[in-house]
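What follows is a single structure, written as structure tokens, with notes after it.
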Number of protein chains: 2
Amino acid sequence: MLPKDYADQNCSIARVLELIGERWTVLILRDAFFGVRRFADFAEHLGVPRAVLTDRLRTLVDNGILARRRYSEQPPRDEYVLTDLGVSLWPVLYAMSQWGEAHLSAGGPRRVFRHAACGTGLDAHGFCPRCRTAVPAPDVVMDDGPAAPARDNRVSRRLTVPRRLLTPLAD
Amino acid sequence: MLPKDYADQNCSIARVLELIGERWTVLILRDAFFGVRRFADFAEHLGVPRAVLTDRLRTLVDNGILARRRYSEQPPRDEYVLTDLGVSLWPVLYAMSQWGEAHLSAGGPRRVFRHAACGTGLDAHGFCPRCRTAVPAPDVVMDDGPAAPARDNRVSRRLTVPRRLLTPLAD
DNA sequence: CCCGGTAAGTTCATTGATTGAACCGATGGA
DNA sequence: TCCATCGGTTCAATCAATGAACTTACCGGG
């Protein structure tokens, strides 16, 4: 979105939008929750221009939402993983997902989310109805729903389900 | 943000972002929940360029999130109010607000939200801990928190608290 | 040694969006 | 008559996004 700042500094929603409100940023975070970590995988999966991806990853790292980690010294290679602060954004993403599934997806949900501990589907608020507890992102398992889309690119095919959130993509 | 579309059509989050992901849109919705309805009030409160406001309001109306209603025939004057579909976006806004208050606001929350029926503060998920129930936007009362900002413009001053969400601004 | 491939970027010209100031038309009030 | 309000539109200048090409470092094979 935006030149990114909102003068309307007083509101916490405006402050959040300054961190995650730019175009592509929320989709980058969604992919990070699903296990995408590498620059090339984000670029291929999202179709985002590489220059924009570079900028967004840098902003997220600067704000402590992602961490850049070296996973290979020779050759030098970095990956981007959600920090604890980043993981705590899950309720925002989940709320968007649920609204979209409820109001924009004819034929049922594309994806469903379950409590890893018991396998029960989460409710609209991210609670496990069986355990009567809020389920944080690391305890969520994602699976295909009845309206699951075709996996039409290499990254999508590596994004196998059922899959626990934050589990890195296999090669 | 953006040219507004995301080719990655398969994901419900991407679809939601196509509706509410452009710059300013979420802040327009926030104001609509707080009771702002008129073009001039949105423009003054947000500091958004009028041409952009026109475009965003039109997009939201076209997608059924806001409704345009005539509130005066002579002179002809329209206002913008949330539809039921728009009101159902509250959990998305609430999740953003809670994350911002928890992680970006030193000195406690700027705003607090209570269950209108019992006066109890809502938890991080929008539940009333006393009634053990999810609280929809029309049953939420907003109030100043310990870090409440100064009211530095005319619209802010008309945004009195405590205030039930969706209650229109008085003149 | 040379060639091809992968990963993670950078550069740059073109296109598109945002900004802010100015303008407009209808009405209402002093 | 003059000024103000409301709800916009218009337009030039600025800023951001796009996509293709290029770069650097390394690895593996022949």
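Every chain in the structure tokens has a letter given in the order shown (A, B, ...), and although residue numbers restart at 1 in each chain, ligands are simply numbered from 1 in the order shown.
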message = Can you pull out the residues contacting Val87 in chain B? Cut-off 12 Å, using only C-alpha atoms (C1' of nucleotides), and skip same-chain residues under 3 positions away; I want them as a list in words.
response = Trp99 of chain A; Leu29, Arg30, Ala32, Phe33, Phe34, Gly35, Gly64, Ile65, Leu66, Ala67, Val81, Leu82, Thr83, Asp84, Trp90, Pro91, Val92, Leu93, Tyr94, Pro136, Ala137, Pro138, Asp139, Val140, Leu165 and Leu166 of chain B
For C-alpha atoms, I'd like the residues from the last selection saved as a short mmCIF file (atom, residue, chain, number, x, y, z; two decimals), in the first residue's frame.
```cif
data_model
loop_
_atom_site.label_atom_id
_atom_site.label_comp_id
_atom_site.auth_asym_id
_atom_site.auth_seq_id
_atom_site.Cartn_x
_atom_site.Cartn_y
_atom_site.Cartn_z
CA TRP A 99 -13.64 -13.76 6.70
CA LEU B 29 -13.27 1.00 7.92
CA ARG B 30 -11.93 1.71 11.41
CA ALA B 32 -16.78 3.63 10.01
CA PHE B 33 -16.87 1.31 13.06
CA PHE B 34 -16.28 4.32 15.29
CA GLY B 35 -19.27 6.13 13.79
CA GLY B 64 -20.94 -4.52 -0.49
CA ILE B 65 -18.88 -3.53 2.54
CA LEU B 66 -20.30 -0.03 2.80
CA ALA B 67 -23.68 1.27 1.70
CA VAL B 81 -22.47 3.12 6.55
CA LEU B 82 -21.18 -0.39 7.11
CA THR B 83 -23.37 -3.18 5.75
CA ASP B 84 -23.77 -6.47 7.64
CA TRP B 90 -14.73 -6.41 12.94
CA PRO B 91 -12.61 -9.39 14.06
CA VAL B 92 -9.96 -8.44 11.50
CA LEU B 93 -9.79 -4.86 12.77
CA TYR B 94 -9.92 -5.98 16.39
CA PRO B 136 -20.05 -8.79 17.81
CA ALA B 137 -19.21 -5.21 16.87
CA PRO B 138 -22.66 -3.74 17.66
CA ASP B 139 -22.33 -4.95 21.27
CA VAL B 140 -18.92 -3.39 21.81
CA LEU B 165 -19.46 0.99 17.95
CA LEU B 166 -21.43 2.01 14.86
#
```
Residues of chain D within 7 Å of chain A: nearest atom pair and distance (Å, one decimal) for each, counting only C-alpha atoms (C1' of nucleotides), sorted by chain and number, as JSON lines?
```
{"residue": "D:DT18", "atom": "C1'", "partner": "A:Pro49", "partner_atom": "CA", "distance": 6.6}
{"residue": "D:DA25", "atom": "C1'", "partner": "A:Pro75", "partner_atom": "CA", "distance": 6.6}
{"residue": "D:DC26", "atom": "C1'", "partner": "A:Pro75", "partner_atom": "CA", "distance": 5.3}
```
Margin query: Would you pick out the contacts of Ser105 in chain A at 10 Å or less, using only C-alpha atoms (C1' of nucleotides), so that residues sharing its chain but fewer than 3 positions from it are not included, and give the list as JSON, numbers by chain?
Written below: {"A": [99, 100, 101, 102, 108, 109, 110, 147], "B": [10, 11, 12, 15]}
Taking the DSSP secondary structure from the backbone, can you list the residues of range 9-97 of chain B that are alpha helix (DSSP H), as an NGL selection string? :B and (12-20 or 25-34 or 39-46 or 50-62 or 84-87 or 90-97)
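Those residues that approach Gly47 in chain B to within 10 Å, counting only C-alpha atoms (C1' of nucleotides), are Tyr6, Ala7 and Asp8 of chain A; Trp24, Asp41, Phe42, Ala43, Glu44, His45, Pro49, Arg50 and Leu53 of chain B; same-chain residues fewer than 2 positions away are not listed.
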Selected residues written out, all heavy atoms, as a CSV table (one decimal), in the first residue's frame:
```csv
chain,number,residue,atom,x,y,z
A,6,TYR,N,1.3,6.8,8.1
A,6,TYR,CA,0.0,7.5,8.3
A,6,TYR,C,0.2,8.5,9.4
A,6,TYR,O,0.5,8.2,10.5
A,6,TYR,CB,-1.0,6.4,8.8
A,6,TYR,CG,-1.4,5.4,7.7
A,6,TYR,CD1,-0.7,4.2,7.7
A,6,TYR,CD2,-2.3,5.7,6.7
A,6,TYR,CE1,-1.0,3.2,6.8
A,6,TYR,CE2,-2.6,4.7,5.7
A,6,TYR,CZ,-2.0,3.5,5.8
A,6,TYR,OH,-2.3,2.5,4.8
A,7,ALA,N,0.0,9.7,9.1
A,7,ALA,CA,0.2,10.8,10.1
A,7,ALA,C,-0.6,10.6,11.3
A,7,ALA,O,-0.2,10.9,12.4
A,7,ALA,CB,-0.1,12.1,9.5
A,8,ASP,N,-1.7,10.0,11.1
A,8,ASP,CA,-2.7,9.6,12.2
A,8,ASP,C,-2.0,8.6,13.1
A,8,ASP,O,-2.4,7.5,13.2
A,8,ASP,CB,-3.9,9.0,11.4
A,8,ASP,CG,-5.0,8.6,12.3
A,8,ASP,OD1,-4.9,8.9,13.5
A,8,ASP,OD2,-5.9,8.0,11.8
B,24,TRP,N,-5.2,3.2,2.9
B,24,TRP,CA,-6.2,4.0,3.5
B,24,TRP,C,-7.5,3.2,3.8
B,24,TRP,O,-8.3,3.5,4.7
B,24,TRP,CB,-6.7,5.2,2.7
B,24,TRP,CG,-5.6,6.2,2.5
B,24,TRP,CD1,-4.9,6.5,1.4
B,24,TRP,CD2,-5.0,7.0,3.6
B,24,TRP,NE1,-3.9,7.5,1.6
B,24,TRP,CE2,-4.0,7.8,3.0
B,24,TRP,CE3,-5.3,7.2,4.9
B,24,TRP,CZ2,-3.2,8.7,3.7
B,24,TRP,CZ3,-4.5,8.1,5.6
B,24,TRP,CH2,-3.5,8.9,5.0
B,41,ASP,N,-16.0,14.2,7.0
B,41,ASP,CA,-15.5,13.7,8.3
B,41,ASP,C,-14.3,12.7,8.1
B,41,ASP,O,-13.3,12.8,8.7
B,41,ASP,CB,-16.6,13.1,9.2
B,41,ASP,CG,-17.5,14.2,9.7
B,41,ASP,OD1,-17.2,15.4,9.7
B,41,ASP,OD2,-18.7,13.8,10.0
B,42,PHE,N,-14.5,11.8,7.1
B,42,PHE,CA,-13.4,10.9,6.8
B,42,PHE,C,-12.2,11.6,6.4
B,42,PHE,O,-11.1,11.4,6.8
B,42,PHE,CB,-13.9,9.9,5.7
B,42,PHE,CG,-14.8,8.8,6.1
B,42,PHE,CD1,-16.1,8.7,5.7
B,42,PHE,CD2,-14.3,7.8,6.9
B,42,PHE,CE1,-16.9,7.7,6.0
B,42,PHE,CE2,-15.2,6.7,7.3
B,42,PHE,CZ,-16.5,6.7,6.8
B,43,ALA,N,-12.4,12.6,5.4
B,43,ALA,CA,-11.3,13.3,4.9
B,43,ALA,C,-10.6,14.1,5.9
B,43,ALA,O,-9.3,14.1,6.0
B,43,ALA,CB,-11.9,14.3,3.8
B,44,GLU,N,-11.3,14.8,6.8
B,44,GLU,CA,-10.6,15.5,7.9
B,44,GLU,C,-9.9,14.7,8.9
B,44,GLU,O,-8.8,14.9,9.3
B,44,GLU,CB,-11.6,16.5,8.6
B,44,GLU,CG,-10.9,17.3,9.7
B,44,GLU,CD,-11.8,18.3,10.4
B,44,GLU,OE1,-12.9,18.4,9.9
B,44,GLU,OE2,-11.3,18.8,11.4
B,45,HIS,N,-10.6,13.6,9.3
B,45,HIS,CA,-10.0,12.8,10.3
B,45,HIS,C,-8.8,12.0,9.9
B,45,HIS,O,-7.8,11.8,10.6
B,45,HIS,CB,-11.1,11.8,10.9
B,45,HIS,CG,-10.7,11.1,12.2
B,45,HIS,ND1,-11.0,9.8,12.4
B,45,HIS,CD2,-10.2,11.6,13.3
B,45,HIS,CE1,-10.6,9.5,13.6
B,45,HIS,NE2,-10.1,10.6,14.2
B,49,PRO,N,-6.2,12.2,0.8
B,49,PRO,CA,-6.6,13.1,-0.3
B,49,PRO,C,-8.0,12.8,-0.8
B,49,PRO,O,-8.4,11.6,-0.8
B,49,PRO,CB,-5.5,12.7,-1.4
B,49,PRO,CG,-4.4,12.2,-0.7
B,49,PRO,CD,-4.9,11.5,0.5
B,50,ARG,N,-8.7,13.8,-1.1
B,50,ARG,CA,-10.1,13.6,-1.4
B,50,ARG,C,-10.4,12.6,-2.6
B,50,ARG,O,-11.3,11.9,-2.6
B,50,ARG,CB,-10.8,14.9,-1.6
B,50,ARG,CG,-10.6,15.8,-0.4
B,50,ARG,CD,-10.8,17.3,-0.8
B,50,ARG,NE,-12.2,17.8,-0.7
B,50,ARG,CZ,-12.8,18.0,0.4
B,50,ARG,NH1,-12.2,17.8,1.6
B,50,ARG,NH2,-14.1,18.4,0.4
B,53,LEU,N,-10.0,9.2,-1.3
B,53,LEU,CA,-11.2,8.8,-0.5
B,53,LEU,C,-12.4,8.5,-1.4
B,53,LEU,O,-13.1,7.4,-1.2
B,53,LEU,CB,-11.5,10.0,0.4
B,53,LEU,CG,-12.7,9.7,1.4
B,53,LEU,CD1,-12.5,8.5,2.2
B,53,LEU,CD2,-13.0,11.0,2.2
```
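For range 1-6 of chain D, the residues within 10 Å (counting only C-alpha atoms (C1' of nucleotides), excluding itself and residues fewer than 4 positions away along the chain) are Arg38, Phe39, Ala40, Pro75, Pro76, Arg77 and Asp78 of chain B; DA26, DT27, DG28, DG29 and DA30 of chain C.
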Those residues you just picked out, can you put them in a file as an mmCIF file, in the first residue's frame with C-alpha atoms (C1' of nucleotides)?
```cif
data_model
loop_
_atom_site.group_PDB
_atom_site.id
_atom_site.type_symbol
_atom_site.label_atom_id
_atom_site.label_comp_id
_atom_site.auth_asym_id
_atom_site.auth_seq_id
_atom_site.Cartn_x
_atom_site.Cartn_y
_atom_site.Cartn_z
ATOM 1 C CA ARG B 38 -19.669 11.544 6.068
ATOM 2 C CA PHE B 39 -17.202 12.243 3.298
ATOM 3 C CA ALA B 40 -15.908 15.416 4.896
ATOM 4 C CA PRO B 75 -29.406 19.683 -0.384
ATOM 5 C CA PRO B 76 -28.622 16.137 -1.613
ATOM 6 C CA ARG B 77 -26.206 14.572 0.859
ATOM 7 C CA ASP B 78 -25.021 10.982 1.124
ATOM 8 C "C1'" DA C 26 -25.913 23.360 -4.884
ATOM 9 C "C1'" DT C 27 -27.710 25.073 -0.768
ATOM 10 C "C1'" DG C 28 -28.277 27.733 3.563
ATOM 11 C "C1'" DG C 29 -27.593 31.533 6.638
ATOM 12 C "C1'" DA C 30 -26.348 36.396 7.959
#
```
Find the residues of chain C in contact range of chain B, meaning any atom within 12 Å when counting only C-alpha atoms (C1' of nucleotides), and list them as a ChimeraX atom specification. /C:15-21,25-28
Would you save the residues from that selection as an mmCIF file, in the first residue's frame, using N, CA and C atoms (P, O5', C5', C4', C3', O3' and C1' of nucleotides)?
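Output contents, as saved in again.cif:
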```cif
data_model
loop_
_atom_site.group_PDB
_atom_site.id
_atom_site.type_symbol
_atom_site.label_atom_id
_atom_site.label_comp_id
_atom_site.auth_asym_id
_atom_site.auth_seq_id
_atom_site.Cartn_x
_atom_site.Cartn_y
_atom_site.Cartn_z
ATOM 1 P P DT C 15 5.146 2.396 -21.191
ATOM 2 O "O5'" DT C 15 4.321 2.125 -19.854
ATOM 3 C "C5'" DT C 15 4.281 0.801 -19.322
ATOM 4 C "C4'" DT C 15 3.691 0.849 -17.931
ATOM 5 C "C3'" DT C 15 2.347 1.596 -17.845
ATOM 6 O "O3'" DT C 15 1.389 0.661 -17.372
ATOM 7 C "C1'" DT C 15 3.799 2.242 -16.090
ATOM 8 P P DG C 16 -0.207 1.092 -17.252
ATOM 9 O "O5'" DG C 16 -0.355 1.451 -15.706
ATOM 10 C "C5'" DG C 16 0.086 0.525 -14.732
ATOM 11 C "C4'" DG C 16 0.027 1.186 -13.376
ATOM 12 C "C3'" DG C 16 -1.262 1.959 -13.099
ATOM 13 O "O3'" DG C 16 -1.795 1.441 -11.892
ATOM 14 C "C1'" DG C 16 0.634 3.292 -12.564
ATOM 15 P P DA C 17 -3.133 2.027 -11.210
ATOM 16 O "O5'" DA C 17 -2.535 2.773 -9.925
ATOM 17 C "C5'" DA C 17 -1.660 2.080 -9.045
ATOM 18 C "C4'" DA C 17 -1.316 2.961 -7.869
ATOM 19 C "C3'" DA C 17 -2.493 3.682 -7.234
ATOM 20 O "O3'" DA C 17 -2.356 3.552 -5.827
ATOM 21 C "C1'" DA C 17 -0.861 5.269 -7.963
ATOM 22 P P DT C 18 -3.317 4.345 -4.807
ATOM 23 O "O5'" DT C 18 -2.456 5.648 -4.487
ATOM 24 C "C5'" DT C 18 -1.151 5.494 -3.935
ATOM 25 C "C4'" DT C 18 -0.604 6.855 -3.524
ATOM 26 C "C3'" DT C 18 -1.552 7.698 -2.672
ATOM 27 O "O3'" DT C 18 -0.798 8.161 -1.562
ATOM 28 C "C1'" DT C 18 -0.788 8.929 -4.560
ATOM 29 P P DT C 19 -1.439 9.061 -0.410
ATOM 30 O "O5'" DT C 19 -1.074 10.537 -0.878
ATOM 31 C "C5'" DT C 19 0.273 10.837 -1.222
ATOM 32 C "C4'" DT C 19 0.405 12.288 -1.664
ATOM 33 C "C3'" DT C 19 -0.445 13.298 -0.908
ATOM 34 O "O3'" DT C 19 0.415 14.259 -0.322
ATOM 35 C "C1'" DT C 19 -0.610 13.624 -3.269
ATOM 36 P P DG C 20 -0.023 15.173 0.892
ATOM 37 O "O5'" DG C 20 -0.430 16.530 0.158
ATOM 38 C "C5'" DG C 20 0.529 17.165 -0.678
ATOM 39 C "C4'" DG C 20 -0.131 18.292 -1.440
ATOM 40 C "C3'" DG C 20 -1.160 19.093 -0.630
ATOM 41 O "O3'" DG C 20 -1.006 20.456 -1.010
ATOM 42 C "C1'" DG C 20 -2.182 18.291 -2.574
ATOM 43 P P DA C 21 -1.492 21.626 -0.077
ATOM 44 O "O5'" DA C 21 -1.615 22.821 -1.124
ATOM 45 C "C5'" DA C 21 -0.926 22.729 -2.382
ATOM 46 C "C4'" DA C 21 -1.845 23.125 -3.521
ATOM 47 C "C3'" DA C 21 -2.907 24.154 -3.147
ATOM 48 O "O3'" DA C 21 -2.815 25.262 -4.029
ATOM 49 C "C1'" DA C 21 -3.893 22.321 -4.297
ATOM 50 P P DG C 25 -19.755 24.804 -12.214
ATOM 51 O "O5'" DG C 25 -20.979 24.213 -11.384
ATOM 52 C "C5'" DG C 25 -21.147 22.809 -11.291
ATOM 53 C "C4'" DG C 25 -22.150 22.496 -10.196
ATOM 54 C "C3'" DG C 25 -23.301 23.506 -10.107
ATOM 55 O "O3'" DG C 25 -24.487 22.765 -9.903
ATOM 56 C "C1'" DG C 25 -22.208 23.347 -8.017
ATOM 57 P P DA C 26 -25.908 23.453 -10.056
ATOM 58 O "O5'" DA C 26 -26.540 23.215 -8.617
ATOM 59 C "C5'" DA C 26 -26.489 21.902 -8.049
ATOM 60 C "C4'" DA C 26 -26.748 22.002 -6.568
ATOM 61 C "C3'" DA C 26 -27.856 23.001 -6.201
ATOM 62 O "O3'" DA C 26 -28.847 22.330 -5.430
ATOM 63 C "C1'" DA C 26 -25.913 23.360 -4.884
ATOM 64 P P DT C 27 -30.253 23.089 -5.061
ATOM 65 O "O5'" DT C 27 -29.927 23.621 -3.594
ATOM 66 C "C5'" DT C 27 -29.663 22.664 -2.566
ATOM 67 C "C4'" DT C 27 -29.082 23.358 -1.364
ATOM 68 C "C3'" DT C 27 -29.996 24.420 -0.738
ATOM 69 O "O3'" DT C 27 -30.446 23.929 0.517
ATOM 70 C "C1'" DT C 27 -27.710 25.073 -0.768
ATOM 71 P P DG C 28 -31.612 24.651 1.324
ATOM 72 O "O5'" DG C 28 -30.981 24.823 2.776
ATOM 73 C "C5'" DG C 28 -29.587 24.578 3.004
ATOM 74 C "C4'" DG C 28 -29.055 25.570 4.041
ATOM 75 C "C3'" DG C 28 -30.086 26.581 4.564
ATOM 76 O "O3'" DG C 28 -29.904 26.733 5.962
ATOM 77 C "C1'" DG C 28 -28.277 27.733 3.563
#
```
Using only C-alpha atoms, the shortest atom-to-atom distance to chain B among A:Leu60, A:Val112, A:Ala95, A:Ala150 belongs to A:Ala95
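Picture a line from CA of Val36 in chain B to CA of Val16 in chain B; it runs 22.5 Å.
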For this session: Fewer than 2 positions away in the same chain doesn't count, so skip those; otherwise give me all residues within 10 Å of Asp144 in chain A, counting only C-alpha atoms (C1' of nucleotides), as a PyMOL selection string.
Result: chain A and resi 109-113+142+146-149+160-163
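Residue nearest chain B within the list A:Asn153, A:Thr120, A:Ser88, A:Thr59: A:Ser88 [criterion: smallest interatomic distance, only C-alpha atoms].
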ask   = Can you list, as a ChimeraX atom specification, every residue of range 36-89 of chain A that DSSP puts in strand (DSSP E)?
value = /A:66-72,77-82
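Between CA of Arg114 in chain A and CA of Ala134 in chain B the separation is 19.7 Å.
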The distance between CA of Val155 in chain B and CA of Tyr71 in chain B is 18.9 Å
Just want the 12 Å neighbourhood of DC22 in chain D, counted on only C-alpha atoms (C1' of nucleotides), with same-chain residues fewer than 2 positions away dropped. Output as a short mmCIF file (atom, residue, chain, number, x, y, z; two decimals) with all heavy atoms, in the first residue's frame.
```cif
data_model
loop_
_atom_site.label_atom_id
_atom_site.label_comp_id
_atom_site.auth_asym_id
_atom_site.auth_seq_id
_atom_site.Cartn_x
_atom_site.Cartn_y
_atom_site.Cartn_z
P DG C 9 19.04 -11.65 -0.19
OP1 DG C 9 20.05 -10.78 0.38
OP2 DG C 9 18.20 -12.50 0.67
"O5'" DG C 9 18.05 -10.73 -0.97
"C5'" DG C 9 18.02 -10.21 -2.26
"C4'" DG C 9 19.31 -9.80 -2.88
"O4'" DG C 9 19.48 -10.73 -3.96
"C3'" DG C 9 19.22 -8.42 -3.49
"O3'" DG C 9 20.07 -7.51 -2.83
"C2'" DG C 9 19.73 -8.56 -4.91
"C1'" DG C 9 19.96 -10.04 -5.09
N9 DG C 9 19.20 -10.52 -6.25
C8 DG C 9 18.05 -11.30 -6.25
N7 DG C 9 17.64 -11.59 -7.46
C5 DG C 9 18.55 -10.96 -8.30
C6 DG C 9 18.61 -10.91 -9.72
O6 DG C 9 17.85 -11.43 -10.54
N1 DG C 9 19.69 -10.17 -10.16
C2 DG C 9 20.60 -9.53 -9.34
N2 DG C 9 21.58 -8.85 -9.95
N3 DG C 9 20.57 -9.59 -8.03
C4 DG C 9 19.51 -10.30 -7.57
P DT C 10 19.73 -5.92 -3.04
OP1 DT C 10 20.57 -5.22 -2.05
OP2 DT C 10 18.29 -5.70 -3.07
"O5'" DT C 10 20.31 -5.59 -4.50
"C5'" DT C 10 21.72 -5.58 -4.71
"C4'" DT C 10 21.99 -5.00 -6.10
"O4'" DT C 10 21.33 -5.84 -7.09
"C3'" DT C 10 21.45 -3.59 -6.30
"O3'" DT C 10 22.47 -2.87 -6.99
"C2'" DT C 10 20.19 -3.79 -7.15
"C1'" DT C 10 20.55 -5.03 -7.95
N1 DT C 10 19.41 -5.87 -8.38
C2 DT C 10 19.21 -6.09 -9.73
O2 DT C 10 19.92 -5.62 -10.60
N3 DT C 10 18.14 -6.90 -10.02
C4 DT C 10 17.28 -7.50 -9.12
O4 DT C 10 16.37 -8.22 -9.50
C5 DT C 10 17.54 -7.22 -7.73
C7 DT C 10 16.67 -7.80 -6.67
C6 DT C 10 18.58 -6.42 -7.43
P DT C 11 22.28 -1.27 -7.22
OP1 DT C 11 23.64 -0.74 -7.14
OP2 DT C 11 21.21 -0.76 -6.34
"O5'" DT C 11 21.78 -1.15 -8.73
"C5'" DT C 11 22.45 -1.89 -9.75
"C4'" DT C 11 21.79 -1.61 -11.09
"O4'" DT C 11 20.69 -2.54 -11.30
"C3'" DT C 11 21.19 -0.21 -11.25
"O3'" DT C 11 21.64 0.31 -12.49
"C2'" DT C 11 19.68 -0.43 -11.23
"C1'" DT C 11 19.56 -1.85 -11.78
N1 DT C 11 18.39 -2.64 -11.31
C2 DT C 11 17.68 -3.37 -12.23
O2 DT C 11 17.94 -3.40 -13.41
N3 DT C 11 16.63 -4.10 -11.70
C4 DT C 11 16.24 -4.14 -10.38
O4 DT C 11 15.28 -4.83 -10.04
C5 DT C 11 17.01 -3.33 -9.47
C7 DT C 11 16.66 -3.30 -8.02
C6 DT C 11 18.04 -2.63 -9.98
P DC C 12 21.47 1.88 -12.89
OP1 DC C 12 22.66 2.25 -13.71
OP2 DC C 12 21.08 2.69 -11.71
"O5'" DC C 12 20.21 1.81 -13.87
"C5'" DC C 12 20.16 0.82 -14.92
"C4'" DC C 12 18.80 0.87 -15.58
"O4'" DC C 12 17.90 -0.04 -14.90
"C3'" DC C 12 18.12 2.24 -15.55
"O3'" DC C 12 17.47 2.48 -16.79
"C2'" DC C 12 17.07 2.09 -14.45
"C1'" DC C 12 16.68 0.63 -14.67
N1 DC C 12 15.98 0.01 -13.51
C2 DC C 12 15.06 -1.01 -13.74
O2 DC C 12 14.84 -1.38 -14.90
N3 DC C 12 14.42 -1.58 -12.69
C4 DC C 12 14.69 -1.16 -11.46
N4 DC C 12 14.04 -1.74 -10.46
C5 DC C 12 15.63 -0.12 -11.20
C6 DC C 12 16.25 0.43 -12.25
P DA D 20 8.85 -9.93 -18.09
OP1 DA D 20 7.65 -10.28 -18.88
OP2 DA D 20 9.35 -10.86 -17.06
"O5'" DA D 20 10.03 -9.60 -19.08
"C5'" DA D 20 10.20 -8.28 -19.60
"C4'" DA D 20 11.67 -7.86 -19.52
"O4'" DA D 20 11.95 -7.29 -18.22
"C3'" DA D 20 12.66 -9.02 -19.70
"O3'" DA D 20 13.55 -8.71 -20.77
"C2'" DA D 20 13.38 -9.13 -18.36
"C1'" DA D 20 13.22 -7.72 -17.79
N9 DA D 20 13.24 -7.68 -16.33
C8 DA D 20 12.54 -8.49 -15.47
N7 DA D 20 12.76 -8.22 -14.20
C5 DA D 20 13.66 -7.17 -14.23
C6 DA D 20 14.28 -6.42 -13.21
N6 DA D 20 14.07 -6.63 -11.91
N1 DA D 20 15.11 -5.43 -13.58
C2 DA D 20 15.32 -5.21 -14.90
N3 DA D 20 14.79 -5.84 -15.94
C4 DA D 20 13.96 -6.82 -15.54
P DT D 24 29.75 -8.29 -10.98
OP1 DT D 24 30.48 -7.02 -10.88
OP2 DT D 24 30.07 -9.28 -12.03
"O5'" DT D 24 29.82 -9.02 -9.58
"C5'" DT D 24 28.88 -8.72 -8.55
"C4'" DT D 24 28.76 -9.90 -7.62
"O4'" DT D 24 27.66 -10.75 -8.01
"C3'" DT D 24 30.00 -10.80 -7.56
"O3'" DT D 24 30.32 -11.01 -6.20
"C2'" DT D 24 29.55 -12.07 -8.27
"C1'" DT D 24 28.06 -12.10 -7.95
N1 DT D 24 27.18 -12.85 -8.89
C2 DT D 24 26.15 -13.59 -8.35
O2 DT D 24 25.95 -13.67 -7.16
N3 DT D 24 25.37 -14.24 -9.27
C4 DT D 24 25.51 -14.22 -10.64
O4 DT D 24 24.74 -14.84 -11.36
C5 DT D 24 26.60 -13.43 -11.14
C7 DT D 24 26.84 -13.35 -12.60
C6 DT D 24 27.38 -12.79 -10.25
#
```
